[in-house]
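Participant: Sharing entry03.pdb (PDB, C-alpha atoms) below.
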ATOM      1  CA  MET A1251     -13.596   8.952  38.087  1.00  0.00           C
ATOM      2  CA  SER A1252     -15.690   8.581  35.004  1.00  0.00           C
ATOM      3  CA  GLU A1253     -17.530  11.528  33.659  1.00  0.00           C
ATOM      4  CA  ALA A1254     -21.215  11.240  32.983  1.00  0.00           C
ATOM      5  CA  PRO A1255     -22.012  11.549  29.274  1.00  0.00           C
ATOM      6  CA  LYS A1256     -22.869  15.120  28.391  1.00  0.00           C
ATOM      7  CA  LYS A1257     -26.467  15.710  27.494  1.00  0.00           C
ATOM      8  CA  SER A1258     -27.102  17.115  24.067  1.00  0.00           C
ATOM      9  CA  LYS A1259     -28.425  20.666  23.973  1.00  0.00           C
ATOM     10  CA  ILE A1260     -30.821  19.682  21.184  1.00  0.00           C
ATOM     11  CA  SER A1261     -33.562  17.184  21.883  1.00  0.00           C
ATOM     12  CA  ALA A1262     -33.738  13.973  19.882  1.00  0.00           C
ATOM     13  CA  SER A1263     -36.975  14.964  18.134  1.00  0.00           C
ATOM     14  CA  ARG A1264     -35.532  18.361  17.155  1.00  0.00           C
ATOM     15  CA  ARG A1265     -32.356  16.696  15.849  1.00  0.00           C
ATOM     16  CA  LEU A1266     -34.456  14.235  13.801  1.00  0.00           C
ATOM     17  CA  ALA A1267     -36.540  17.085  12.361  1.00  0.00           C
ATOM     18  CA  LEU A1268     -33.381  18.977  11.352  1.00  0.00           C
ATOM     19  CA  LYS A1269     -31.919  15.868   9.730  1.00  0.00           C
ATOM     20  CA  THR A1270     -35.065  15.256   7.688  1.00  0.00           C
ATOM     21  CA  LYS A1271     -35.130  18.891   6.531  1.00  0.00           C
ATOM     22  CA  LEU A1272     -31.464  18.704   5.526  1.00  0.00           C
ATOM     23  CA  LEU A1273     -32.071  15.470   3.619  1.00  0.00           C
ATOM     24  CA  LYS A1274     -35.041  17.024   1.770  1.00  0.00           C
ATOM     25  CA  VAL A1275     -32.979  20.068   0.803  1.00  0.00           C
ATOM     26  CA  ALA A1276     -30.068  17.879  -0.308  1.00  0.00           C
ATOM     27  CA  ALA A1277     -32.367  15.662  -2.391  1.00  0.00           C
ATOM     28  CA  GLY A1278     -33.843  18.758  -4.077  1.00  0.00           C
ATOM     29  CA  MET A1279     -30.375  20.125  -4.823  1.00  0.00           C
ATOM     30  CA  PHE A1280     -29.308  16.751  -6.231  1.00  0.00           C
ATOM     31  CA  GLU A1281     -32.329  16.578  -8.557  1.00  0.00           C
ATOM     32  CA  LYS A1282     -31.742  20.158  -9.745  1.00  0.00           C
ATOM     33  CA  GLU A1283     -28.081  19.376 -10.424  1.00  0.00           C
ATOM     34  CA  LYS A1284     -29.068  16.292 -12.455  1.00  0.00           C
ATOM     35  CA  GLU A1285     -31.527  18.342 -14.519  1.00  0.00           C
ATOM     36  CA  ASP A1286     -28.933  21.074 -15.109  1.00  0.00           C
ATOM     37  CA  LYS A1287     -26.383  18.530 -16.317  1.00  0.00           C
ATOM     38  CA  LYS A1288     -28.960  16.926 -18.608  1.00  0.00           C
ATOM     39  CA  ALA A1289     -29.968  20.301 -20.082  1.00  0.00           C
ATOM     40  CA  GLU A1290     -26.294  21.272 -20.556  1.00  0.00           C
ATOM     41  CA  ARG A1291     -25.589  17.970 -22.326  1.00  0.00           C
ATOM     42  CA  GLU A1292     -28.583  18.384 -24.626  1.00  0.00           C
ATOM     43  CA  GLY A1293     -27.538  21.950 -25.464  1.00  0.00           C
ATOM     44  CA  ILE A1294     -24.004  20.872 -26.333  1.00  0.00           C
ATOM     45  CA  LEU A1295     -25.305  17.998 -28.457  1.00  0.00           C
ATOM     46  CA  ARG A1296     -27.720  20.349 -30.307  1.00  0.00           C
ATOM     47  CA  GLU A1297     -24.836  22.724 -30.951  1.00  0.00           C
ATOM     48  CA  ARG A1298     -22.390  20.079 -32.174  1.00  0.00           C
ATOM     49  CA  VAL A1299     -24.787  17.679 -33.938  1.00  0.00           C
ATOM     50  CA  PRO A1300     -27.490  19.361 -36.008  1.00  0.00           C
ATOM     51  CA  PRO A1301     -30.646  17.289 -36.576  1.00  0.00           C
ATOM     52  CA  LEU A1302     -30.764  15.285 -39.826  1.00  0.00           C
ATOM     53  CA  GLN A1303     -33.252  16.178 -42.532  1.00  0.00           C
ATOM     54  CA  LEU A1304     -33.888  12.850 -44.254  1.00  0.00           C
ATOM     55  CA  SER A1305     -37.370  13.409 -45.643  1.00  0.00           C
ATOM     56  CA  GLY A1306     -37.632  14.220 -49.334  1.00  0.00           C
ATOM     57  CA  LEU A1307     -34.031  13.305 -50.187  1.00  0.00           C
ATOM     58  CA  SER A1308     -33.150  11.247 -53.246  1.00  0.00           C
ATOM     59  CA  ILE A1309     -30.972   8.143 -53.107  1.00  0.00           C
ATOM     60  CA  GLN A1310     -27.937  10.070 -54.365  1.00  0.00           C
ATOM     61  CA  ASP A1311     -28.437  12.762 -51.724  1.00  0.00           C
ATOM     62  CA  LEU A1312     -28.732  10.070 -49.004  1.00  0.00           C
ATOM     63  CA  GLN A1313     -25.546   8.429 -50.262  1.00  0.00           C
ATOM     64  CA  ALA A1314     -23.728  11.780 -50.230  1.00  0.00           C
ATOM     65  CA  LEU A1315     -25.022  12.433 -46.682  1.00  0.00           C
ATOM     66  CA  CYS A1316     -23.823   8.968 -45.577  1.00  0.00           C
ATOM     67  CA  LYS A1317     -20.378   9.622 -47.086  1.00  0.00           C
ATOM     68  CA  GLU A1318     -20.189  12.986 -45.346  1.00  0.00           C
ATOM     69  CA  LEU A1319     -21.194  11.460 -41.989  1.00  0.00           C
ATOM     70  CA  HIS A1320     -18.699   8.644 -42.506  1.00  0.00           C
ATOM     71  CA  HIS A1321     -15.963  11.199 -43.170  1.00  0.00           C
ATOM     72  CA  LYS A1322     -16.892  13.120 -39.992  1.00  0.00           C
ATOM     73  CA  ILE A1323     -16.774   9.865 -37.987  1.00  0.00           C
ATOM     74  CA  ASP A1324     -13.302   9.136 -39.368  1.00  0.00           C
ATOM     75  CA  VAL A1325     -12.091  12.620 -38.400  1.00  0.00           C
ATOM     76  CA  VAL A1326     -13.458  12.226 -34.858  1.00  0.00           C
ATOM     77  CA  ASP A1327     -11.896   8.760 -34.524  1.00  0.00           C
ATOM     78  CA  GLU A1328      -8.517  10.133 -35.629  1.00  0.00           C
ATOM     79  CA  GLU A1329      -8.760  12.925 -33.053  1.00  0.00           C
ATOM     80  CA  ARG A1330      -9.739  10.431 -30.334  1.00  0.00           C
ATOM     81  CA  TYR A1331      -6.801   8.176 -31.241  1.00  0.00           C
ATOM     82  CA  ASP A1332      -4.370  11.121 -31.178  1.00  0.00           C
ATOM     83  CA  ILE A1333      -5.674  12.242 -27.807  1.00  0.00           C
ATOM     84  CA  GLU A1334      -5.372   8.688 -26.404  1.00  0.00           C
ATOM     85  CA  LEU A1335      -1.751   8.510 -27.564  1.00  0.00           C
ATOM     86  CA  LYS A1336      -0.988  11.889 -25.989  1.00  0.00           C
ATOM     87  CA  VAL A1337      -2.561  10.776 -22.718  1.00  0.00           C
ATOM     88  CA  ALA A1338      -0.591   7.505 -22.719  1.00  0.00           C
ATOM     89  CA  LYS A1339       2.634   9.391 -23.485  1.00  0.00           C
ATOM     90  CA  ASN A1340       1.932  11.885 -20.687  1.00  0.00           C
ATOM     91  CA  THR A1341       1.199   9.132 -18.154  1.00  0.00           C
ATOM     92  CA  THR A1342       4.445   7.314 -18.970  1.00  0.00           C
ATOM     93  CA  GLU A1343       6.338  10.603 -18.730  1.00  0.00           C
ATOM     94  CA  ILE A1344       4.706  11.333 -15.359  1.00  0.00           C
ATOM     95  CA  GLU A1345       5.650   7.859 -14.103  1.00  0.00           C
ATOM     96  CA  ASN A1346       9.254   8.315 -15.240  1.00  0.00           C
ATOM     97  CA  LEU A1347       9.496  11.764 -13.629  1.00  0.00           C
ATOM     98  CA  SER A1348       8.008  10.515 -10.366  1.00  0.00           C
ATOM     99  CA  ALA A1349      10.561   7.668 -10.346  1.00  0.00           C
ATOM    100  CA  LYS A1350      13.352  10.209 -10.875  1.00  0.00           C
ATOM    101  CA  ILE A1351      11.986  12.358  -8.044  1.00  0.00           C
ATOM    102  CA  PHE A1352      11.884   9.292  -5.813  1.00  0.00           C
ATOM    103  CA  GLU A1353      15.520   8.550  -6.653  1.00  0.00           C
ATOM    104  CA  LEU A1354      16.569  12.177  -6.117  1.00  0.00           C
ATOM    105  CA  LYS A1355      14.940  12.312  -2.710  1.00  0.00           C
ATOM    106  CA  GLY A1356      17.363   9.595  -1.736  1.00  0.00           C
ATOM    107  CA  LYS A1357      15.099   7.238   0.106  1.00  0.00           C
ATOM    108  CA  MET A1358      17.532   5.289   2.198  1.00  0.00           C
ATOM    109  CA  LYS A1359      17.074   1.571   2.489  1.00  0.00           C
ATOM    110  CA  ARG A1360      17.475   0.185   5.941  1.00  0.00           C
ATOM    111  CA  PRO A1361      20.657  -1.903   6.089  1.00  0.00           C
ATOM    112  CA  ALA A1362      20.473  -5.547   7.044  1.00  0.00           C
ATOM    113  CA  LEU A1363      21.114  -6.002  10.728  1.00  0.00           C
ATOM    114  CA  LYS A1364      24.244  -7.931  11.632  1.00  0.00           C
ATOM    115  CA  ARG A1365      24.394 -10.502  14.383  1.00  0.00           C
ATOM    116  CA  VAL A1366      26.518  -9.369  17.317  1.00  0.00           C
ATOM    117  CA  LYS A1367      28.184 -11.945  19.518  1.00  0.00           C
ATOM    118  CA  ILE A1368      27.976 -11.006  23.174  1.00  0.00           C
ATOM    119  CA  SER A1369      28.411 -13.114  26.259  1.00  0.00           C
ATOM    120  CA  ALA A1370      25.561 -13.761  28.655  1.00  0.00           C
ATOM    121  CA  ASP A1371      27.354 -11.871  31.430  1.00  0.00           C
ATOM    122  CA  ALA A1372      27.829  -8.828  29.224  1.00  0.00           C
ATOM    123  CA  MET A1373      24.177  -8.974  28.133  1.00  0.00           C
ATOM    124  CA  LEU A1374      22.941  -9.138  31.719  1.00  0.00           C
ATOM    125  CA  GLY A1375      25.301  -6.351  32.655  1.00  0.00           C
ATOM    126  CA  ALA A1376      23.955  -4.208  29.823  1.00  0.00           C
ATOM    127  CA  LEU A1377      20.332  -4.953  30.654  1.00  0.00           C
ATOM    128  CA  LEU A1378      20.404  -4.848  34.427  1.00  0.00           C
ATOM    129  CA  GLY A1379      23.364  -2.589  35.018  1.00  0.00           C
ATOM    130  CA  ALA A1380      25.541  -3.202  38.065  1.00  0.00           C
ATOM    131  CA  LYS A1381      22.844  -5.160  39.936  1.00  0.00           C
ATOM    132  CA  VAL A1382      24.151  -8.536  38.789  1.00  0.00           C
ATOM    133  CA  LYS A1383      27.700  -9.106  40.024  1.00  0.00           C
ATOM    134  CA  GLU A1384      27.962 -12.882  39.899  1.00  0.00           C
ATOM    135  CA  SER A1385      27.931 -14.696  36.585  1.00  0.00           C
ATOM    136  CA  VAL A1386      25.047 -16.984  35.787  1.00  0.00           C
ATOM    137  CA  ASP A1387      25.729 -20.327  34.139  1.00  0.00           C
ATOM    138  CA  PHE A1388      23.004 -20.697  31.533  1.00  0.00           C
ATOM    139  CA  LYS A1389      24.361 -23.928  30.108  1.00  0.00           C
ATOM    140  CA  ALA A1390      23.849 -25.746  33.406  1.00  0.00           C
ATOM    141  CA  ASN A1391      20.105 -25.081  33.254  1.00  0.00           C
ATOM    142  CA  LEU A1392      19.625 -26.382  29.721  1.00  0.00           C
ATOM    143  CA  LYS A1393      18.001 -29.740  29.117  1.00  0.00           C
ATOM    144  CA  THR A1394      19.900 -32.389  27.252  1.00  0.00           C
ATOM    145  CA  VAL A1395      18.306 -33.765  24.108  1.00  0.00           C
ATOM    146  CA  LYS A1396      19.123 -37.222  22.803  1.00  0.00           C
ATOM    147  CA  LYS A1397      19.215 -37.650  19.049  1.00  0.00           C
ATOM    148  CA  GLU A1398      17.087 -40.478  17.758  1.00  0.00           C
ATOM    149  CA  GLU A1399      18.366 -42.671  15.008  1.00  0.00           C
ATOM    150  CA  GLU A1400      16.604 -42.224  11.704  1.00  0.00           C
ATOM    151  CA  LYS A1401      14.187 -44.971  10.873  1.00  0.00           C
ATOM    152  CA  LYS A1402      14.975 -46.667   7.591  1.00  0.00           C
ATOM    153  CA  GLU A1403      11.893 -47.161   5.477  1.00  0.00           C
ATOM    154  CA  GLU A1404      11.383 -50.548   3.963  1.00  0.00           C
ATOM    155  CA  VAL A1405      11.004 -50.681   0.217  1.00  0.00           C
ATOM    156  CA  THR A1406       7.701 -52.348  -0.510  1.00  0.00           C
ATOM    157  CA  ASP A1407       5.530 -52.822  -3.523  1.00  0.00           C
ATOM    158  CA  TRP A1408       3.221 -49.839  -3.820  1.00  0.00           C
ATOM    159  CA  ARG A1409       0.445 -51.891  -5.373  1.00  0.00           C
ATOM    160  CA  LYS A1410      -0.184 -53.880  -2.185  1.00  0.00           C
ATOM    161  CA  ASN A1411      -1.782 -51.061  -0.174  1.00  0.00           C
ATOM    162  CA  VAL A1412      -3.599 -49.082  -2.881  1.00  0.00           C
ATOM    163  CA  GLU A1413      -7.062 -49.723  -1.480  1.00  0.00           C
ATOM    164  CA  ALA A1414      -5.929 -49.286   2.132  1.00  0.00           C
ATOM    165  CA  MET A1415      -4.394 -45.870   1.378  1.00  0.00           C
ATOM    166  CA  SER A1416      -7.205 -44.521  -0.794  1.00  0.00           C
ATOM    167  CA  GLY A1417      -9.529 -41.842   0.576  1.00  0.00           C
ATOM    168  CA  MET A1418      -9.060 -39.618   3.587  1.00  0.00           C
ATOM    169  CA  GLU A1419      -8.395 -42.542   5.955  1.00  0.00           C
ATOM    170  CA  GLY A1420      -5.349 -43.539   3.918  1.00  0.00           C
ATOM    171  CA  ARG A1421      -4.044 -39.989   3.876  1.00  0.00           C
ATOM    172  CA  LYS A1422      -4.549 -39.810   7.624  1.00  0.00           C
ATOM    173  CA  LYS A1423      -2.561 -43.036   8.051  1.00  0.00           C
ATOM    174  CA  LEU A1424       0.242 -41.637   5.909  1.00  0.00           C
ATOM    175  CA  PHE A1425       0.211 -38.380   7.902  1.00  0.00           C
ATOM    176  CA  ASP A1426       0.253 -40.227  11.228  1.00  0.00           C
ATOM    177  CA  ALA A1427       3.041 -42.513  10.013  1.00  0.00           C
ATOM    178  CA  GLY A1428       5.150 -39.526   8.997  1.00  0.00           C
ATOM    179  CA  GLN A1429       5.134 -38.040  12.462  1.00  0.00           C
TER     180      GLN A1429
END
So, in terms of structure tokens, how does the structure I just supplied come out?
Facilitator:
Amino acid sequence: MSEAPKKSKISASRRLALKTKLLKVAAGMFEKEKEDKKAEREGILRERVPPLQLSGLSIQDLQALCKELHHKIDVVDEERYDIELKVAKNTTEIENLSAKIFELKGKMKRPALKRVKISADAMLGALLGAKVKESVDFKANLKTVKKEEEKKEEVTDWRKNVEAMSGMEGRKKLFDAGQ
């Protein structure tokens, strides 16, 4: 019994109209948010960095202004460096504390499983219960495999077959010979 798909209570055209209205409203909100952030940034910059008055200054005044600006840059760089060091120190401390927490939680490692020797009769008895009463001889059903003697490779001069073994055909011959 498969249920028929439920029909939507809103028609497709109505749903599309609602989606377009929502997208228009969201786009307007996004643009307003961007403008607010831009205005906030400009206000903060105006507050922190007053505009420079360079017109009508003598060379000595310009040099003094440059020295003052250079000094302010140095102060800001020192603050930035200090803050970076604090952040790095805090991150290493957080990592160390999280490692300690991990150790304190006592995450147990799963022990390595040990091989258990069990006879075939006991295994069948455990799996099938009391259904199997007679023992099954598994070794009688196994195929016998004859060991082949290892082929001794002849020592030959490697320079004889350089051209024959070059390229992909030679590699294929070597691969086929190895099998």
Participant: What is the distance, in Å and to one decimal place, between atom CA of Leu1302 of chain A and atom CA of His1321 of chain A?
Facilitator: 15.7 Å
Participant: If you measure from atom CA of Val1326 of chain A to atom CA of Arg1298 of chain A, what distance in Å do you get, rounded to one decimal?
Facilitator: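 Going from atom CA of Val1326 of chain A over to atom CA of Arg1298 of chain A covers 12.2 Å.
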Participant: Rounded to one decimal, what separation in Å do you get between atom CA of Ala1376 of chain A and atom CA of Lys1364 of chain A?
Facilitator: 18.6 Å
Participant: Might I get the box with edges along x, y and z of the file that holds all atoms of segment 1349-1358 of chain A listed there, padded by 3 Å on every side, given as centre and edge lengths in Å to one decimal, as JSON?
Facilitator:
{"center_x": 14.0, "center_y": 8.8, "center_z": -4.3, "size_x": 13.0, "size_y": 13.1, "size_z": 19.1}
Participant: Check the smallest atom-to-atom distance from each of A:Ala1276, A:Ala1314, A:Leu1319, A:Leu1335 to Pro1300 of chain A using only C-alpha atoms, then report the winner.
Facilitator: A:Leu1319
